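Below you'll find the structure, written out as structure tokens, and then a few comments.
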Amino acid sequence: MNAKAGSRGLFDWAIVRRAVAESFLKLSPKRQVRNPVMFCVMVGSLMTTGLFVQALLGRGEASASFIFWVSLWLWFTLLFANFAEAMAEGRGKAQAEALRKTRKEVPARKLSEPRRGAKVEMTSSQNLRRGDVVLVEADEIIPADGDIVEGVASVNESAVTGESAPVIRESGGDRSAVTGGTLVLSDWIVVRVTSDPGESFLDRMISLVEGAKRQKTPNEIALAVLLAGLTLVFLLVCATLLPFSAYSAAAAGRGSAVPITILVALFVCLAPTTIGGLLSAIGVAGMDRMIRANVIALSGRAVEAAGDVDVLLLDKTGTITLGNRQAAEFVPAEGVAEKTFAEAAQMASLADETPEGRSIVIFAKERYGLRAHDWRELEATFVPFTARTRMSGVNVHGRAIRKGAADAVEAWVKEQGGIFPASVHAVADTISRQGGTPLVVAEGPRVLGVVRLKDVVKGGIRERFADLRRMGIRTIMITGDNPLTAAAIAAEAGVDDFISQATPETKLKCIRDLQAGGRLVAMTGDGTNDAPALAQADVAVAMNTGTQAAKEAGNLVDLDSNPTKLIEIVEIGKQLLITRGALTTFSIANDVSKYFAILPAAFVGVYPALAKLNVMRLATPQSAILSAVIFNALIIVFLIPLALRGARYRAVGAADLLRRNVLVYGVGGLITPFIGIKLIDMILKALGAA
Amino acid sequence: MNREYIAIAAYMLVILALAKPLGAYVAGVYEGQTPFLERLLGPVERLFYRLCGIDPKREMGWKRYAVAVLLFNVAGFFLLYALERLQGRLPLNPQHFPSVPADLALNTAVSFMTNTNWQAYSGENTLSYLTQMAGLGVQNFVSAASGLAVMAALIRSLVRRESPTIGNFWADLWRGTLYILLPLSSILALALISQGVVQNFKPYVQAAWLDHSAATAAVPTQIIPMGPAASQIAIKQLGTNGGGFFGANSAYPFENPTPLSDFLEMLSILLLPAALCHAFGSMVKDTRQGWALLAAMTLLFLPLMILAVHSETAGNPALTRLGVSAAAGNMEGKEVRFGAADSALWAAATTATSNGSVNSSHDSFMPLGGLATLFLMQLGEVAYGGVGCGLYGLLMFVFVAVFVAGLMIGRTPEYLGKKIQIFEMQMATIVILVMPLIVLLSTAVAVVTAAGRAGAFNPGPHGFSEILYAFTSQGNNNGSAFGGINADTTFYNVLGSLCMLLGRFWMKIPVLAAAGSLARKKASPPSAGTLPTYTPLFVLLLVGVVVIVGALSFAPVLALGPIAEHVMASGSLVR
């Protein structure tokens, strides 16, 4: 579902259609009252509508047609804001519907005790409670979230992750969690249920994507406070203009108090309707962007905190390096020709399907031009790696070639009466010290040389870290390797710091220390032993492949289980805040020009000389006010794409970013409405409405 | 003309040059580092603590601190009120003034307790020397010192980490008075006496007219008021109080006799408010932050000051058309010994700082000159603002600017490592919101009631400006008078008192609450992702926020007042 959602354009016709209908439904006062800015606009619209009716009855404070047009555009302002929110929610709703389909009620085989042979009682997924144990067999849908207690199965989790390739789930270890609604493709598993109905992962996901239970995030609330404060000031500014203008009219002996219609229009133009109308759309769209990145945010707070992160703790394997090591050098033993050694090493690895083995074959081919044979053609027997021998290799035409860790090969060589040369030992030690992994190759009693395997840092990761550094985020690599190995990789990857020989305890301690220093820490994890650290971290991304404990402890779940995702999450978090800040600045900056449009128009009856303030040379007082109101409504529509897509984020320092955004949204916000209002006024004039 | 601007530039340079040494000294006082004066005044300080049973080391949380501020001010109010009401029966009353009427006594007590120093009376024919010295003089010191104390508490809250307390109010109050205000005003008082400012307890002098033609049957001789003026004028200027010993304030020769006394008094207006920026910088251990605030204040002040000076020195076009030379500028309501440029500079400085003392009549300024003084107050008295309160007021704007800027760079906003979150935004919003609410509402009440309308002497936009100025001045605790308004009526006294109280305490309490919350927070160390708050860009952003909030709140009323008056005057339409 997510792949589909990602490719869908910003304006899907079906969503637009539904959003239009929703915009009207959202006019209900119960919903409007949640947003103080827009609620005030609604009260204003109701007032002008009343004044319009009064004008129709012949006792209006201004011409009925003028009041009508003002009222109409005030209502449009509200509808446009509702439309923005509905658009943002629309995509989530479509996804929620798809998810709901997978959450249908399914039969469940409840076991009396947690083993396969136990007594089975047939029931429905609705009746399962936490702690129940169920048996799921091939082609059955897993009835609830849980941990596998017995068995192993391949599971299609596309309903949740959008990824159709099956994954292996097995009891014990870090891949024991299963999600309700996913399909077992082969084999069987016994699952201990970990969630009650209505509280499952899928349920949480549905309510999240729908935005139904969306809680306002702290920064959003703080912004709402500021906006409400400004709205209150503007309300008072406009309300007091009634007595002020009445006093002035009496003093000047000319004109009359400013009509209420104009005061309402002025208020709506001044109130931060642009950001007020788009605020919730921005929040919903931010969550939606997370979902499209295949990350489920279990709290909005986490999304926001992601933007604040100071330190990223990253596991070496899988995040910084590719999960496996690759051959980087062949060091032959004394008296062994380099090519002989290369050939033997390749031979020993032909049947080895591990990435390390394959890399040796490829390295030999590329460096020494040795063609890889098919080991079956050679009539060779493959000797697989076992935990006991800790070696693998081949037996071919009477030759026994083995490769493995130095001590394992040493034992094997000595067993056959050979000697293990001290120089090979020295080479192996040097390789270890430099952060590589030595793999010794021997043929019978004779040691041929050492293959240097090294961790391969992911392409482009160095640049990502440089970006992060510019953003002010430090990266710390966590690895179980010895300090030497860790230092070598850290230097190559360009992380700021590393922790070697890390245990879950050192991770937890590291996070606590950083937090005590006032830093916000983000990390990823998947294992049960990561859970304490995940719970401690401010932003904790759990891998979907991880254990239930890890998923419970994290506040974000990455459905792709891609550890590099953390960087993307930080960017989405920042983008969310930037969009809010940018539109707030834009909204407030807009007000300056609106004063220039409305004030001369409102006061010109009392003090004709104030017409000098009409710097835009708007045609008539009516067209000036109407132009400002129309601009104020239309700007919301024009900014919907920005609200949904989010303001552009670039990995530059804070000062540069601020300069750019102040220029674009602050200065731009000052200038744009002058142009917009003038244009609308010209159009009104051309239409003869002015 | 150019000579005047050179003088203004010199004045600004002296202010900025003194900001560093004085600021560093102030910081030392509030950090409890014993300054050199402590050897001299330390025993006095400790005696005060012993007499009052105060342990200066005992820290207070923000609530205790706020309660102490309030209690102290309430007590000060009652003392002053009692003194005014009883002065007829108390000594040091050579002119035998009767007790002050209740509504005027209320207004005056509130006015001096809140550091506003709005004066609906004339000192020389209302108050005894005792009331002036023991009442107003004392409040001149302690109202300024309590502003300084709240400022010190707020700065501490930004420095401290995870601290439940923000300092001891009594110690802050007393140290500010003893080590900062007393020494400075002693020096200034002596300098003023040397220039001829009176300082005595003599009864008023009856003198024969020098120009006998001025003598009438009703006024056969003239009365020259006396009194302990110099000591009071010094603190009135330094503590941004502004309440004159005499009704004509610093336009009166015995209060401000010479160009040198004028320069010194004017210097004293901006001296502390500017220096406090550097005190802030040194207390937060990053002087760049202090300079940034000083730069922002100066950027807000300069254009409006220049507007005032320019409009006053350009003369009145209505008079120019009648053939009167514009060379001296608009001299109506100004002292000849000061001239137009000096008077305009004073007017700008006094409105910018919530000082409120005057050496000319603001009512007689050209419309744009009047606009400059009005708008300087309507910016919320943050550039440079009152002693202490200007800085904490600006810091509230800083929180808003940091908040908006923080969002724009994608981080939870933080200032000096402290996160600016919901509570801080609530408090900053209250502080910024309350002032326009007070000013606009009270002005509205005045224009819709007959009692309010009766106060204004002039018709048209100028009359509106007069009412607006009165409430702008009181709502911002400035205290300067536009004039042209009959302020000593029950209506203006009571409504004005309310404005001054709300304007003062609805700022102080939220500021202290924000301080309490900030002190409890951890501080995050700066990184490349942290918003730098000392760059020119941030200074401009801060200036933008202050100007836009001020302009958006007050543009309509300014349009109906000075702007309408200006466009009418400049277009041959003069009332």
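Starting from 1 in every chain, residues are counted up; chains themselves are A, B, ... following the order of the structure tokens, and ligands are numbered from 1 as listed.
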Leaving out region 147-162 of chain A and any residue of its chain fewer than 5 positions from it, which residues lie within 6 Å of it when counting only C-alpha atoms, given as a VMD selection string? chain A and resid 1 to 2 167 to 171 176 to 177 182 to 192 559
Residues near Gly529 (chain B), cut-off 6 Å, only C-alpha atoms, skip fewer than 3 positions along chain, as a PyMOL selection string: chain A and resi 471-472+653-654
Could you please take those selected residues and save N, CA, C and O atoms as a short mmCIF file (atom, residue, chain, number, x, y, z; two decimals), in the first residue's frame?
data_model
loop_
_atom_site.label_atom_id
_atom_site.label_comp_id
_atom_site.auth_asym_id
_atom_site.auth_seq_id
_atom_site.Cartn_x
_atom_site.Cartn_y
_atom_site.Cartn_z
N MET A 471 24.21 20.16 9.84
CA MET A 471 22.95 20.43 10.52
C MET A 471 23.14 20.52 12.03
O MET A 471 22.21 20.83 12.76
N GLY A 472 24.35 20.20 12.49
CA GLY A 472 24.62 20.27 13.92
C GLY A 472 24.32 18.96 14.65
O GLY A 472 24.12 18.95 15.85
N GLY A 653 23.83 24.84 7.69
CA GLY A 653 23.83 25.30 9.07
C GLY A 653 22.61 26.15 9.37
O GLY A 653 21.92 26.62 8.48
N ALA A 654 22.38 26.31 10.67
CA ALA A 654 21.19 27.03 11.12
C ALA A 654 21.15 28.46 10.57
O ALA A 654 20.10 28.93 10.13
#
Set the distance at 7 Å and use only C-alpha atoms: which residues neighbour region 83-98 of chain A once local chain neighbours fewer than 4 positions away are removed? I'd like the list as a PDB file with C-alpha atoms, in the first residue's frame.
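Contents of out_27.pdb, as written:
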ATOM      1  CA  ILE A  15      -9.219  12.584  -2.563  1.00  0.00           C
ATOM      2  CA  VAL A  16      -9.974  16.078  -3.850  1.00  0.00           C
ATOM      3  CA  ALA A  19     -12.057  16.755   0.553  1.00  0.00           C
ATOM      4  CA  VAL A  20     -14.484  19.199  -1.050  1.00  0.00           C
ATOM      5  CA  GLU A  22     -15.465  17.294   3.904  1.00  0.00           C
ATOM      6  CA  SER A  23     -14.778  21.056   3.821  1.00  0.00           C
ATOM      7  CA  LEU A  79     -13.899  26.409   3.399  1.00  0.00           C
ATOM      8  CA  ILE A 206      -5.094   2.896  11.277  1.00  0.00           C
ATOM      9  CA  VAL A 209      -2.860   7.376   9.386  1.00  0.00           C
ATOM     10  CA  GLU A 210      -6.425   8.569   9.739  1.00  0.00           C
ATOM     11  CA  GLY A 211      -5.256  11.366  11.953  1.00  0.00           C
ATOM     12  CA  LEU A 278      -3.112  25.363   7.409  1.00  0.00           C
ATOM     13  CA  SER A 280      -3.536  21.151  11.258  1.00  0.00           C
ATOM     14  CA  ALA A 281      -3.007  20.270   7.596  1.00  0.00           C
ATOM     15  CA  VAL A 284      -1.352  15.713   9.366  1.00  0.00           C
ATOM     16  CA  ALA A 285       0.799  15.975   6.246  1.00  0.00           C
ATOM     17  CA  ASP A 288       1.663  11.321   6.251  1.00  0.00           C
ATOM     18  CA  ILE A 640      -1.949  24.028   0.294  1.00  0.00           C
ATOM     19  CA  LEU A 644       1.160  19.144   2.225  1.00  0.00           C
TER      20      LEU A 644
END
Query - Ile260 (chain A) environment, 12 Å, only C-alpha atoms, sequence neighbours closer than 6 positions dropped, as a count of residues only - result: 25
Residue contacts of region 428-444 of chain B (6 Å, only C-alpha atoms) excluding same-chain residues fewer than 5 positions away, as an MDAnalysis selection string: (chainID A and resid 226 229 240) or (chainID B and resid 396 468 471:472 475 507)
Would you export the selected residues with N, CA, C and O atoms as a short mmCIF file (atom, residue, chain, number, x, y, z; two decimals), in the first residue's frame, please?
data_model
loop_
_atom_site.label_atom_id
_atom_site.label_comp_id
_atom_site.auth_asym_id
_atom_site.auth_seq_id
_atom_site.Cartn_x
_atom_site.Cartn_y
_atom_site.Cartn_z
N LEU A 226 0.65 31.34 20.59
CA LEU A 226 1.07 32.61 20.01
C LEU A 226 0.01 33.14 19.04
O LEU A 226 -0.35 34.32 19.06
N GLY A 229 -3.00 34.43 20.81
CA GLY A 229 -2.69 35.73 21.41
C GLY A 229 -2.79 36.83 20.38
O GLY A 229 -3.43 37.87 20.60
N THR A 240 -12.14 47.99 18.81
CA THR A 240 -12.04 49.34 19.35
C THR A 240 -12.08 50.39 18.24
O THR A 240 -12.29 51.56 18.51
N MET B 396 11.24 38.96 26.30
CA MET B 396 10.00 38.27 25.94
C MET B 396 9.81 38.30 24.41
O MET B 396 9.37 37.33 23.81
N LEU B 468 -5.18 59.14 23.52
CA LEU B 468 -4.39 57.93 23.23
C LEU B 468 -3.05 58.01 23.95
O LEU B 468 -2.59 57.02 24.55
N PHE B 471 -3.19 57.21 27.78
CA PHE B 471 -3.30 55.80 28.18
C PHE B 471 -2.12 54.98 27.68
O PHE B 471 -1.75 53.98 28.30
N THR B 472 -1.53 55.39 26.56
CA THR B 472 -0.31 54.71 26.11
C THR B 472 0.77 54.90 27.16
O THR B 472 1.48 53.97 27.53
N GLY B 475 -0.29 52.89 30.38
CA GLY B 475 -0.29 51.44 30.15
C GLY B 475 1.12 50.90 29.98
O GLY B 475 1.38 49.73 30.23
N MET B 507 3.03 42.23 33.59
CA MET B 507 4.28 41.95 32.89
C MET B 507 5.21 41.23 33.84
O MET B 507 5.79 40.21 33.51
#
* To do: Enumerate, as a PyMOL selection string, the complete set of residues in region 326-470 of chain A that a backbone-based DSSP assignment places in strand (DSSP E).
  => chain A and resi 326-332+381-383+391-396+399-404+437-443+446-457
Polymer residues at most 9 Å from Ala456 (chain B), only C-alpha atoms, same-chain spacing of 6 or more positions, as an MDAnalysis selection string: chainID B and resid 462:464 466:467 484:487
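The space separating CA of Ala582 (chain A) from CA of Ile409 (chain B) comes to 9.1 Å.
Proximity to chain B was assessed for A:Val440, A:Leu350, A:Ala380, A:Leu270 counting only C-alpha atoms; the smallest distance is recorded for A:Leu270.
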- Task: Specify as a ChimeraX atom specification all residues of chain B found within 8 Å of chain A, counting only C-alpha atoms.
- Result: /B:404-412,421-423,425-426,429-430,433,436-437,440-441,444,447-448,459-461,464,522-525,527-532,537,548,552-557,559-560,563-564,567-568,571
- [ ] Taking the chain letters and numbering used in this document, name the residues of region 237-384 of chain A that DSSP puts in helix (DSSP H, G or I), as a ChimeraX atom specification.
- [x] /A:237-252,260-270,273-292,300-308,316-320,338-349,355-368
| message | Applying 9 Å and only C-alpha atoms, which residues near Tyr179 (chain B) remain after dropping the ones on its own chain fewer than 6 positions away? List them as number ranges by chain. | response | B: 26, 29, 35, 37-38, 41
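Between Thr545 (chain A) and the candidates A:Val557, A:Ile282, A:Leu514, A:Met122, the tightest atom-to-atom separation, counting only C-alpha atoms, involves A:Val557.
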